[in-house]
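coords04.txt follows (compact mmCIF, N, CA and C atoms):
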```txt
# COMPACT_ATOMS: atom_id res chain seq x y z
N MET A 13 -22.18 -11.46 -3.40
CA MET A 13 -22.00 -10.08 -3.02
C MET A 13 -21.91 -9.24 -4.31
N GLU A 14 -22.64 -8.16 -4.40
CA GLU A 14 -22.65 -7.31 -5.58
C GLU A 14 -21.66 -6.16 -5.42
N TYR A 15 -20.95 -5.87 -6.50
CA TYR A 15 -20.00 -4.76 -6.52
C TYR A 15 -20.33 -3.85 -7.70
N ALA A 16 -20.11 -2.58 -7.51
CA ALA A 16 -20.20 -1.65 -8.64
C ALA A 16 -18.99 -1.91 -9.52
N LYS A 17 -19.19 -1.89 -10.84
CA LYS A 17 -18.08 -2.10 -11.77
C LYS A 17 -17.18 -0.88 -11.73
N MET A 18 -15.93 -1.07 -11.43
CA MET A 18 -14.97 0.03 -11.39
C MET A 18 -13.60 -0.50 -11.76
N LYS A 19 -12.71 0.42 -12.08
CA LYS A 19 -11.33 0.06 -12.36
C LYS A 19 -10.57 0.09 -11.04
N ILE A 20 -9.74 -0.91 -10.88
CA ILE A 20 -8.86 -0.97 -9.73
C ILE A 20 -7.42 -0.93 -10.23
N TYR A 21 -6.66 0.02 -9.73
CA TYR A 21 -5.23 0.08 -10.00
C TYR A 21 -4.54 -0.71 -8.90
N ILE A 22 -3.70 -1.64 -9.28
CA ILE A 22 -3.08 -2.54 -8.31
C ILE A 22 -1.59 -2.61 -8.56
N GLY A 23 -0.85 -2.74 -7.48
CA GLY A 23 0.60 -2.87 -7.58
C GLY A 23 1.16 -3.52 -6.34
N SER A 24 2.31 -4.14 -6.52
CA SER A 24 2.97 -4.79 -5.40
C SER A 24 4.47 -4.77 -5.61
N ASP A 25 5.18 -5.03 -4.54
CA ASP A 25 6.60 -5.32 -4.68
C ASP A 25 6.74 -6.85 -4.72
N HIS A 26 7.95 -7.33 -4.64
CA HIS A 26 8.22 -8.77 -4.72
C HIS A 26 7.53 -9.56 -3.61
N ALA A 27 7.38 -8.98 -2.44
CA ALA A 27 6.75 -9.69 -1.32
C ALA A 27 5.25 -9.85 -1.51
N GLY A 28 4.65 -9.01 -2.34
CA GLY A 28 3.20 -9.04 -2.52
C GLY A 28 2.72 -9.63 -3.82
N VAL A 29 3.63 -10.09 -4.66
CA VAL A 29 3.24 -10.54 -6.00
C VAL A 29 2.28 -11.73 -5.96
N ASP A 30 2.48 -12.66 -5.05
CA ASP A 30 1.58 -13.83 -4.98
C ASP A 30 0.18 -13.43 -4.50
N LEU A 31 0.10 -12.61 -3.47
CA LEU A 31 -1.21 -12.16 -2.98
C LEU A 31 -1.91 -11.33 -4.06
N LYS A 32 -1.17 -10.49 -4.76
CA LYS A 32 -1.75 -9.70 -5.84
C LYS A 32 -2.37 -10.61 -6.90
N SER A 33 -1.68 -11.66 -7.25
CA SER A 33 -2.20 -12.61 -8.24
C SER A 33 -3.48 -13.27 -7.77
N GLN A 34 -3.53 -13.64 -6.50
CA GLN A 34 -4.73 -14.25 -5.92
C GLN A 34 -5.91 -13.28 -5.96
N ILE A 35 -5.66 -12.04 -5.61
CA ILE A 35 -6.73 -11.04 -5.62
C ILE A 35 -7.28 -10.85 -7.02
N LYS A 36 -6.40 -10.70 -7.98
CA LYS A 36 -6.85 -10.50 -9.36
C LYS A 36 -7.64 -11.70 -9.87
N THR A 37 -7.19 -12.89 -9.56
CA THR A 37 -7.89 -14.10 -9.99
C THR A 37 -9.28 -14.17 -9.38
N ARG A 38 -9.38 -13.87 -8.11
CA ARG A 38 -10.66 -13.99 -7.42
C ARG A 38 -11.65 -12.88 -7.77
N LEU A 39 -11.16 -11.73 -8.18
CA LEU A 39 -12.05 -10.60 -8.45
C LEU A 39 -12.13 -10.22 -9.93
N GLN A 40 -11.52 -10.98 -10.79
CA GLN A 40 -11.45 -10.61 -12.21
C GLN A 40 -12.81 -10.51 -12.88
N ASP A 41 -13.81 -11.22 -12.40
CA ASP A 41 -15.14 -11.15 -12.99
C ASP A 41 -15.91 -9.90 -12.58
N ARG A 42 -15.46 -9.25 -11.52
CA ARG A 42 -16.19 -8.11 -10.98
C ARG A 42 -15.53 -6.76 -11.25
N PHE A 43 -14.22 -6.77 -11.49
CA PHE A 43 -13.47 -5.53 -11.62
C PHE A 43 -12.52 -5.59 -12.80
N GLU A 44 -12.21 -4.41 -13.32
CA GLU A 44 -11.18 -4.27 -14.34
C GLU A 44 -9.90 -3.86 -13.61
N PHE A 45 -8.83 -4.61 -13.80
CA PHE A 45 -7.56 -4.32 -13.14
C PHE A 45 -6.56 -3.70 -14.09
N ASP A 46 -5.85 -2.71 -13.60
CA ASP A 46 -4.69 -2.14 -14.29
C ASP A 46 -3.51 -2.42 -13.36
N ASP A 47 -2.66 -3.36 -13.75
CA ASP A 47 -1.59 -3.85 -12.90
C ASP A 47 -0.29 -3.11 -13.19
N ALA A 48 0.19 -2.36 -12.21
CA ALA A 48 1.41 -1.59 -12.33
C ALA A 48 2.67 -2.43 -12.10
N GLY A 49 2.50 -3.70 -11.73
CA GLY A 49 3.65 -4.56 -11.47
C GLY A 49 3.88 -4.67 -9.97
N THR A 50 4.85 -5.32 -9.59
CA THR A 50 5.80 -6.14 -10.29
C THR A 50 5.16 -7.48 -10.61
N PHE A 51 5.83 -8.25 -11.43
CA PHE A 51 5.25 -9.51 -11.89
C PHE A 51 6.08 -10.73 -11.52
N THR A 52 7.17 -10.52 -10.79
CA THR A 52 8.02 -11.63 -10.35
C THR A 52 8.40 -11.42 -8.90
N SER A 53 9.02 -12.43 -8.32
CA SER A 53 9.47 -12.32 -6.93
C SER A 53 10.90 -11.78 -6.84
N ASP A 54 11.45 -11.30 -7.95
CA ASP A 54 12.77 -10.67 -7.92
C ASP A 54 12.67 -9.35 -7.15
N SER A 55 13.66 -9.05 -6.35
CA SER A 55 13.66 -7.86 -5.52
C SER A 55 13.50 -6.59 -6.35
N VAL A 56 12.59 -5.72 -5.90
CA VAL A 56 12.32 -4.43 -6.55
C VAL A 56 12.16 -3.36 -5.48
N ASP A 57 12.05 -2.13 -5.90
CA ASP A 57 11.86 -1.01 -4.98
C ASP A 57 10.38 -0.63 -4.94
N TYR A 58 9.74 -0.82 -3.78
CA TYR A 58 8.30 -0.59 -3.64
C TYR A 58 7.84 0.81 -4.05
N PRO A 59 8.63 1.89 -3.85
CA PRO A 59 8.10 3.20 -4.24
C PRO A 59 7.75 3.30 -5.72
N ASP A 60 8.46 2.58 -6.57
CA ASP A 60 8.17 2.65 -8.00
C ASP A 60 6.73 2.27 -8.29
N PHE A 61 6.22 1.29 -7.59
CA PHE A 61 4.87 0.79 -7.84
C PHE A 61 3.83 1.60 -7.07
N ALA A 62 4.18 2.05 -5.89
CA ALA A 62 3.26 2.90 -5.12
C ALA A 62 2.99 4.21 -5.85
N HIS A 63 4.02 4.81 -6.42
CA HIS A 63 3.84 6.06 -7.15
C HIS A 63 2.94 5.85 -8.38
N LYS A 64 3.16 4.77 -9.12
CA LYS A 64 2.34 4.50 -10.31
C LYS A 64 0.87 4.37 -9.95
N VAL A 65 0.58 3.58 -8.93
CA VAL A 65 -0.81 3.37 -8.53
C VAL A 65 -1.42 4.67 -8.02
N ALA A 66 -0.71 5.40 -7.19
CA ALA A 66 -1.23 6.67 -6.67
C ALA A 66 -1.53 7.65 -7.80
N GLU A 67 -0.63 7.78 -8.74
CA GLU A 67 -0.85 8.69 -9.87
C GLU A 67 -2.05 8.28 -10.70
N ASN A 68 -2.22 6.98 -10.91
CA ASN A 68 -3.37 6.50 -11.68
C ASN A 68 -4.69 6.75 -10.95
N VAL A 69 -4.72 6.52 -9.65
CA VAL A 69 -5.93 6.76 -8.87
C VAL A 69 -6.28 8.25 -8.92
N LEU A 70 -5.29 9.10 -8.79
CA LEU A 70 -5.55 10.54 -8.83
C LEU A 70 -6.07 11.00 -10.18
N SER A 71 -5.63 10.36 -11.25
CA SER A 71 -6.04 10.81 -12.58
C SER A 71 -7.33 10.16 -13.07
N ASP A 72 -7.86 9.20 -12.32
CA ASP A 72 -9.07 8.48 -12.74
C ASP A 72 -10.12 8.56 -11.64
N SER A 73 -10.93 9.60 -11.70
CA SER A 73 -11.94 9.84 -10.68
C SER A 73 -12.84 8.61 -10.49
N GLY A 74 -13.06 8.26 -9.25
CA GLY A 74 -13.93 7.14 -8.93
C GLY A 74 -13.22 5.80 -8.87
N SER A 75 -11.95 5.78 -9.21
CA SER A 75 -11.21 4.52 -9.14
C SER A 75 -10.62 4.36 -7.74
N ILE A 76 -10.13 3.17 -7.47
CA ILE A 76 -9.43 2.91 -6.21
C ILE A 76 -8.14 2.17 -6.52
N GLY A 77 -7.30 2.07 -5.51
CA GLY A 77 -6.05 1.36 -5.65
C GLY A 77 -5.87 0.31 -4.58
N ILE A 78 -5.09 -0.69 -4.95
CA ILE A 78 -4.66 -1.73 -4.00
C ILE A 78 -3.15 -1.80 -4.10
N LEU A 79 -2.48 -1.67 -2.98
CA LEU A 79 -1.03 -1.82 -2.91
C LEU A 79 -0.69 -2.91 -1.92
N ILE A 80 0.34 -3.68 -2.25
CA ILE A 80 0.72 -4.82 -1.41
C ILE A 80 2.24 -4.88 -1.32
N CYS A 81 2.73 -4.94 -0.10
CA CYS A 81 4.15 -5.21 0.12
C CYS A 81 4.25 -6.04 1.40
N GLY A 82 5.46 -6.32 1.83
CA GLY A 82 5.65 -7.20 2.98
C GLY A 82 4.90 -6.76 4.22
N THR A 83 5.15 -5.53 4.67
CA THR A 83 4.47 -5.01 5.86
C THR A 83 3.32 -4.07 5.51
N GLY A 84 3.33 -3.54 4.31
CA GLY A 84 2.36 -2.53 3.91
C GLY A 84 2.82 -1.13 4.25
N ASN A 85 3.76 -1.00 5.15
CA ASN A 85 4.19 0.34 5.59
C ASN A 85 4.85 1.15 4.49
N GLY A 86 5.77 0.56 3.77
CA GLY A 86 6.46 1.30 2.72
C GLY A 86 5.52 1.81 1.65
N MET A 87 4.61 0.96 1.22
CA MET A 87 3.64 1.36 0.20
C MET A 87 2.74 2.48 0.72
N ALA A 88 2.26 2.35 1.95
CA ALA A 88 1.37 3.37 2.51
C ALA A 88 2.09 4.70 2.67
N ILE A 89 3.30 4.67 3.18
CA ILE A 89 4.06 5.91 3.36
C ILE A 89 4.27 6.59 2.01
N THR A 90 4.66 5.82 1.01
CA THR A 90 4.95 6.39 -0.30
C THR A 90 3.68 6.94 -0.96
N ALA A 91 2.63 6.16 -0.99
CA ALA A 91 1.39 6.60 -1.64
C ALA A 91 0.85 7.86 -0.98
N ASN A 92 0.95 7.95 0.33
CA ASN A 92 0.41 9.11 1.05
C ASN A 92 1.22 10.39 0.84
N LYS A 93 2.33 10.33 0.12
CA LYS A 93 3.07 11.54 -0.24
C LYS A 93 2.33 12.32 -1.34
N HIS A 94 1.39 11.68 -2.02
CA HIS A 94 0.63 12.31 -3.09
C HIS A 94 -0.60 13.00 -2.49
N ALA A 95 -0.69 14.32 -2.68
CA ALA A 95 -1.86 15.06 -2.20
C ALA A 95 -3.11 14.50 -2.86
N GLY A 96 -4.09 14.19 -2.05
CA GLY A 96 -5.34 13.61 -2.56
C GLY A 96 -5.42 12.11 -2.41
N ILE A 97 -4.32 11.49 -2.08
CA ILE A 97 -4.33 10.05 -1.81
C ILE A 97 -4.50 9.85 -0.31
N ARG A 98 -5.37 8.93 0.02
CA ARG A 98 -5.57 8.51 1.39
C ARG A 98 -5.42 6.99 1.39
N ALA A 99 -4.17 6.55 1.56
CA ALA A 99 -3.85 5.12 1.55
C ALA A 99 -3.89 4.60 2.97
N ALA A 100 -4.67 3.56 3.18
CA ALA A 100 -4.86 3.00 4.52
C ALA A 100 -4.29 1.59 4.60
N LEU A 101 -3.40 1.38 5.54
CA LEU A 101 -2.84 0.06 5.82
C LEU A 101 -3.89 -0.73 6.60
N CYS A 102 -4.36 -1.82 6.01
CA CYS A 102 -5.47 -2.58 6.60
C CYS A 102 -5.13 -4.05 6.70
N TRP A 103 -5.55 -4.67 7.81
CA TRP A 103 -5.30 -6.09 8.01
C TRP A 103 -6.52 -6.82 8.56
N SER A 104 -7.65 -6.12 8.66
CA SER A 104 -8.89 -6.76 9.11
C SER A 104 -10.07 -6.08 8.42
N PRO A 105 -11.18 -6.78 8.30
CA PRO A 105 -12.37 -6.18 7.68
C PRO A 105 -12.84 -4.92 8.41
N GLU A 106 -12.78 -4.92 9.73
CA GLU A 106 -13.26 -3.77 10.49
C GLU A 106 -12.42 -2.52 10.20
N ILE A 107 -11.11 -2.70 10.18
CA ILE A 107 -10.23 -1.56 9.92
C ILE A 107 -10.44 -1.04 8.50
N SER A 108 -10.58 -1.95 7.53
CA SER A 108 -10.73 -1.49 6.15
C SER A 108 -12.08 -0.80 5.93
N ALA A 109 -13.14 -1.29 6.56
CA ALA A 109 -14.44 -0.64 6.43
C ALA A 109 -14.38 0.77 7.02
N LEU A 110 -13.76 0.92 8.17
CA LEU A 110 -13.63 2.24 8.79
C LEU A 110 -12.74 3.17 7.97
N ALA A 111 -11.73 2.62 7.32
CA ALA A 111 -10.87 3.44 6.47
C ALA A 111 -11.67 4.09 5.35
N LYS A 112 -12.64 3.37 4.82
CA LYS A 112 -13.48 3.93 3.77
C LYS A 112 -14.57 4.82 4.38
N GLN A 113 -15.23 4.36 5.44
CA GLN A 113 -16.35 5.08 6.02
C GLN A 113 -15.93 6.42 6.63
N HIS A 114 -14.81 6.45 7.33
CA HIS A 114 -14.39 7.65 8.05
C HIS A 114 -13.32 8.47 7.35
N ASN A 115 -12.44 7.79 6.58
CA ASN A 115 -11.31 8.48 5.96
C ASN A 115 -11.42 8.58 4.44
N ASN A 116 -12.48 8.01 3.88
CA ASN A 116 -12.67 7.98 2.44
C ASN A 116 -11.39 7.53 1.74
N ALA A 117 -10.76 6.48 2.28
CA ALA A 117 -9.52 5.95 1.71
C ALA A 117 -9.75 5.58 0.25
N ASN A 118 -8.80 5.94 -0.59
CA ASN A 118 -8.92 5.58 -2.00
C ASN A 118 -7.87 4.55 -2.43
N ILE A 119 -7.01 4.17 -1.51
CA ILE A 119 -6.09 3.06 -1.72
C ILE A 119 -6.07 2.23 -0.44
N ILE A 120 -6.22 0.93 -0.61
CA ILE A 120 -6.05 0.01 0.50
C ILE A 120 -4.68 -0.64 0.35
N VAL A 121 -3.96 -0.73 1.46
CA VAL A 121 -2.64 -1.33 1.47
C VAL A 121 -2.69 -2.58 2.34
N LEU A 122 -2.23 -3.68 1.79
CA LEU A 122 -2.27 -4.97 2.48
C LEU A 122 -0.85 -5.45 2.81
N PRO A 123 -0.64 -5.96 4.03
CA PRO A 123 0.67 -6.47 4.45
C PRO A 123 0.82 -7.96 4.14
N ALA A 124 1.37 -8.29 2.99
CA ALA A 124 1.39 -9.67 2.50
C ALA A 124 2.03 -10.67 3.45
N ARG A 125 3.02 -10.26 4.20
CA ARG A 125 3.72 -11.19 5.09
C ARG A 125 3.00 -11.41 6.42
N PHE A 126 1.93 -10.66 6.65
CA PHE A 126 1.25 -10.72 7.94
C PHE A 126 -0.25 -10.97 7.83
N ILE A 127 -0.71 -11.39 6.66
CA ILE A 127 -2.14 -11.60 6.45
C ILE A 127 -2.31 -12.81 5.54
N SER A 128 -3.25 -13.67 5.89
CA SER A 128 -3.53 -14.82 5.03
C SER A 128 -4.30 -14.35 3.80
N THR A 129 -4.32 -15.16 2.78
CA THR A 129 -5.09 -14.82 1.58
C THR A 129 -6.56 -14.64 1.91
N GLU A 130 -7.10 -15.51 2.74
CA GLU A 130 -8.52 -15.41 3.10
C GLU A 130 -8.81 -14.13 3.87
N MET A 131 -7.95 -13.79 4.83
CA MET A 131 -8.16 -12.56 5.58
C MET A 131 -7.98 -11.35 4.66
N ALA A 132 -7.03 -11.43 3.74
CA ALA A 132 -6.86 -10.33 2.77
C ALA A 132 -8.12 -10.14 1.95
N MET A 133 -8.73 -11.24 1.50
CA MET A 133 -9.94 -11.14 0.70
C MET A 133 -11.09 -10.58 1.52
N ASP A 134 -11.23 -11.01 2.76
CA ASP A 134 -12.29 -10.48 3.63
C ASP A 134 -12.06 -8.98 3.89
N THR A 135 -10.81 -8.61 4.11
CA THR A 135 -10.45 -7.22 4.36
C THR A 135 -10.75 -6.37 3.13
N LEU A 136 -10.37 -6.88 1.97
CA LEU A 136 -10.62 -6.17 0.72
C LEU A 136 -12.11 -6.06 0.42
N ASN A 137 -12.85 -7.13 0.63
CA ASN A 137 -14.31 -7.08 0.40
C ASN A 137 -14.99 -6.05 1.30
N ALA A 138 -14.55 -5.96 2.54
CA ALA A 138 -15.12 -4.95 3.45
C ALA A 138 -14.82 -3.54 2.94
N PHE A 139 -13.63 -3.34 2.43
CA PHE A 139 -13.25 -2.03 1.88
C PHE A 139 -14.09 -1.70 0.64
N LEU A 140 -14.26 -2.68 -0.23
CA LEU A 140 -14.97 -2.46 -1.49
C LEU A 140 -16.47 -2.21 -1.31
N THR A 141 -17.03 -2.72 -0.24
CA THR A 141 -18.47 -2.56 -0.03
C THR A 141 -18.83 -1.41 0.91
N ALA A 142 -17.86 -0.89 1.64
CA ALA A 142 -18.11 0.22 2.56
C ALA A 142 -18.30 1.51 1.77
N GLU A 143 -19.03 2.44 2.37
CA GLU A 143 -19.27 3.74 1.74
C GLU A 143 -18.86 4.85 2.70
N PHE A 144 -18.29 5.89 2.13
CA PHE A 144 -17.88 7.06 2.91
C PHE A 144 -19.11 7.69 3.54
N GLU A 145 -19.02 8.03 4.84
CA GLU A 145 -20.15 8.58 5.58
C GLU A 145 -20.26 10.09 5.48
N GLY A 146 -19.23 10.77 5.00
CA GLY A 146 -19.30 12.23 4.85
C GLY A 146 -19.44 12.94 6.19
N GLY A 147 -20.17 14.05 6.18
CA GLY A 147 -20.42 14.80 7.42
C GLY A 147 -19.15 15.24 8.11
N ARG A 148 -19.07 14.96 9.41
CA ARG A 148 -17.91 15.39 10.19
C ARG A 148 -16.62 14.78 9.66
N HIS A 149 -16.72 13.63 8.99
CA HIS A 149 -15.52 13.00 8.44
C HIS A 149 -14.96 13.80 7.27
N GLN A 150 -15.83 14.39 6.46
CA GLN A 150 -15.35 15.22 5.35
C GLN A 150 -14.61 16.44 5.88
N ARG A 151 -15.11 17.03 6.95
CA ARG A 151 -14.44 18.18 7.55
C ARG A 151 -13.01 17.81 7.96
N ARG A 152 -12.84 16.63 8.48
CA ARG A 152 -11.52 16.18 8.91
C ARG A 152 -10.61 15.88 7.72
N ILE A 153 -11.16 15.29 6.69
CA ILE A 153 -10.39 15.01 5.48
C ILE A 153 -9.91 16.30 4.84
N ASP A 154 -10.75 17.31 4.88
CA ASP A 154 -10.39 18.61 4.30
C ASP A 154 -9.17 19.22 4.99
N LYS A 155 -8.82 18.76 6.18
CA LYS A 155 -7.69 19.29 6.92
C LYS A 155 -6.40 18.49 6.71
N ILE A 156 -6.43 17.45 5.90
CA ILE A 156 -5.26 16.57 5.75
C ILE A 156 -4.14 17.21 4.94
N ASN A 157 -4.42 17.65 3.73
CA ASN A 157 -3.36 18.15 2.85
C ASN A 157 -2.77 19.46 3.37
N ILE A 158 -1.45 19.59 3.24
CA ILE A 158 -0.76 20.83 3.65
C ILE A 158 0.02 21.41 2.47
```

Structure rendered as structure tokens:
Amino acid sequence: MEYAKMKIYIGSDHAGVDLKSQIKTRLQDRFEFDDAGTFTSDSVDYPDFAHKVAENVLSDSGSIGILICGTGNGMAITANKHAGIRAALCWSPEISALAKQHNNANIIVLPARFISTEMAMDTLNAFLTAEFEGGRHQRRIDKINI
């Protein structure tokens, strides 16, 4: 599968550190990663990492982010507080492809405690290869920020 070379900003809390490591190992030949942490399974506060990734994605046009925590909810809620971030909680290839195609998601959020490594990789690959469809979807995206 061919990917465009891009930078990926990635971050996780303690629940997602193992899945994050697997993703980086499997995709290191195709992407440049900027890892915001955490790097151990010691308990941390997920917003610290969600904010770092969201800020980096916003400041680097054309980049994307990957966030991982136990359920994915905390990371998605936090990242979506940043105007211009569209973080989508995804657990299947179909959902992640639609998040990019219809919502132009720029951060994918994975629920480490509820997804296998293989399903996470399939979900991530679908996100990375999908393209935003524009048109009526852009009109809807333009209505998100308040």

- prompt: If you run DSSP on this backbone, which residues of chain A come out as helix (DSSP H, G or I), and could you give them as a PyMOL selection string?
  reply: chain A and resi 26-39+58-71+85-91+105-115+124-126+129-141+148-153

query: Counting only C-alpha atoms, what is within 9 Å of stretch 23-38 of chain A, bar same-chain residues fewer than 4 positions away, as a ChimeraX atom specification?
result: /A:42-43,45-62,64-65,77-83,87,122-125,128-129,132-133,136

Residues of stretch 62-138 of chain A that have any atom at most 7 Å from an atom of stretch 146-156 of chain A: could you tabulate them with the shortest-distance atom pair and the distance in Å to one decimal, using all atoms listed in the file, ordered by chain and increasing number, as JSON lines?
```
{"residue": "A:Gln113", "atom": "C", "partner": "A:Gly146", "partner_atom": "N", "distance": 5.7}
{"residue": "A:His114", "atom": "C", "partner": "A:His149", "partner_atom": "CA", "distance": 5.2}
{"residue": "A:Asn115", "atom": "N", "partner": "A:His149", "partner_atom": "CA", "distance": 6.3}
```

Sel. of strand (DSSP E or B) residues, chain A, as a list in words: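 Result set for chain A (strand (DSSP E or B)): Lys19, Ile20, Tyr21, Ile22, Gly23, Ser24, Glu44, Phe45, Asp46, Asp47, Ile76, Gly77, Ile78, Leu79, Ile80, Cys81, Ala99, Ala100, Leu101, Ile119, Ile120, Val121, Leu122 and Pro123 of chain A.
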
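Every protein, DNA or RNA residue with an atom at most 8 Å from A:Ile89, where only N, CA and C atoms count and chain neighbours fewer than 5 positions away do not, is listed here: Gly84, His94, Ala99 and Leu101 of chain A.
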
Length of the atom CA of A:Trp103 to atom CA of A:Asp134 vector [Å]: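 Here the two named atoms are 9.3 Å from each other.
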
message: Env of A:Asn116: 7 Å cut, atoms = all atoms listed in the file, seq-sep filter 3 positions within chain, self excluded. Answer as JSON, numbers by chain.
response: {"A": [98, 110, 111, 112, 113, 119, 143, 144, 145]}

Store the residues of this selection in a file with N, CA and C atoms, as an mmCIF file, keeping the file's coordinate frame.
```
data_model
loop_
_atom_site.group_PDB
_atom_site.id
_atom_site.type_symbol
_atom_site.label_atom_id
_atom_site.label_comp_id
_atom_site.auth_asym_id
_atom_site.auth_seq_id
_atom_site.Cartn_x
_atom_site.Cartn_y
_atom_site.Cartn_z
ATOM 1 N N ARG A 98 -5.370 8.930 0.020
ATOM 2 C CA ARG A 98 -5.570 8.510 1.390
ATOM 3 C C ARG A 98 -5.420 6.990 1.390
ATOM 4 N N LEU A 110 -13.760 0.920 8.170
ATOM 5 C CA LEU A 110 -13.630 2.240 8.790
ATOM 6 C C LEU A 110 -12.740 3.170 7.970
ATOM 7 N N ALA A 111 -11.730 2.620 7.320
ATOM 8 C CA ALA A 111 -10.870 3.440 6.470
ATOM 9 C C ALA A 111 -11.670 4.090 5.350
ATOM 10 N N LYS A 112 -12.640 3.370 4.820
ATOM 11 C CA LYS A 112 -13.480 3.930 3.770
ATOM 12 C C LYS A 112 -14.570 4.820 4.380
ATOM 13 N N GLN A 113 -15.230 4.360 5.440
ATOM 14 C CA GLN A 113 -16.350 5.080 6.020
ATOM 15 C C GLN A 113 -15.930 6.420 6.630
ATOM 16 N N ILE A 119 -7.010 4.170 -1.510
ATOM 17 C CA ILE A 119 -6.090 3.060 -1.720
ATOM 18 C C ILE A 119 -6.070 2.230 -0.440
ATOM 19 N N GLU A 143 -19.030 2.440 2.370
ATOM 20 C CA GLU A 143 -19.270 3.740 1.740
ATOM 21 C C GLU A 143 -18.860 4.850 2.700
ATOM 22 N N PHE A 144 -18.290 5.890 2.130
ATOM 23 C CA PHE A 144 -17.880 7.060 2.910
ATOM 24 C C PHE A 144 -19.110 7.690 3.540
ATOM 25 N N GLU A 145 -19.020 8.030 4.840
ATOM 26 C CA GLU A 145 -20.150 8.580 5.580
ATOM 27 C C GLU A 145 -20.260 10.090 5.480
#
```

- prompt: In Å to one decimal, how far is atom C of A:Glu130 from atom N of A:Gly74?
  reply: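 Taking atom N of A:Gly74 and atom C of A:Glu130, their separation equals 26.3 Å.
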
- request: Would you work out the distance separating atom C of A:Ser104 from atom C of A:Asp72, expressed in Å to one decimal?
  value: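 Between these atoms lies a distance of 24.8 Å.
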
Pick from A:Ile158, A:Tyr21, A:Ile97, A:Asn68, whichever lies nearest to A:Ala117 using all atoms listed in the file: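 Going through A:Ile158, A:Tyr21, A:Ile97, A:Asn68 one by one, the smallest distance to A:Ala117 is for A:Ile97.
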
- prompt: Smallest atom-to-atom distance to A:Ala66: which of A:Gly86, A:Leu39, A:Thr135, A:Ile22, using only N, CA and C atoms?
  reply: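 Answer, going by the shortest atom-to-atom distance: A:Ile22.
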
So that all listed atoms of stretch 25-44 of chain A fit with 6 Å spare on each side, what axis-aligned box centre and edge lengths in Å, to one decimal, would you give as AutoDock Vina command-line options?
```
--center_x -4.0 --center_y -9.1 --center_z -7.8 --size_x 36.4 --size_y 22.4 --size_z 25.0
```

query: Which of these residues is nearest to A:Asn157, using only C-alpha atoms: A:Asp41, A:Ser73, A:Met18, A:Lys93?
result: A:Lys93

Among the residues A:Cys102, A:Met131, A:Ala138, A:Ala91, the one that comes closest to A:Glu67 [using all atoms listed in the file]: A:Ala91
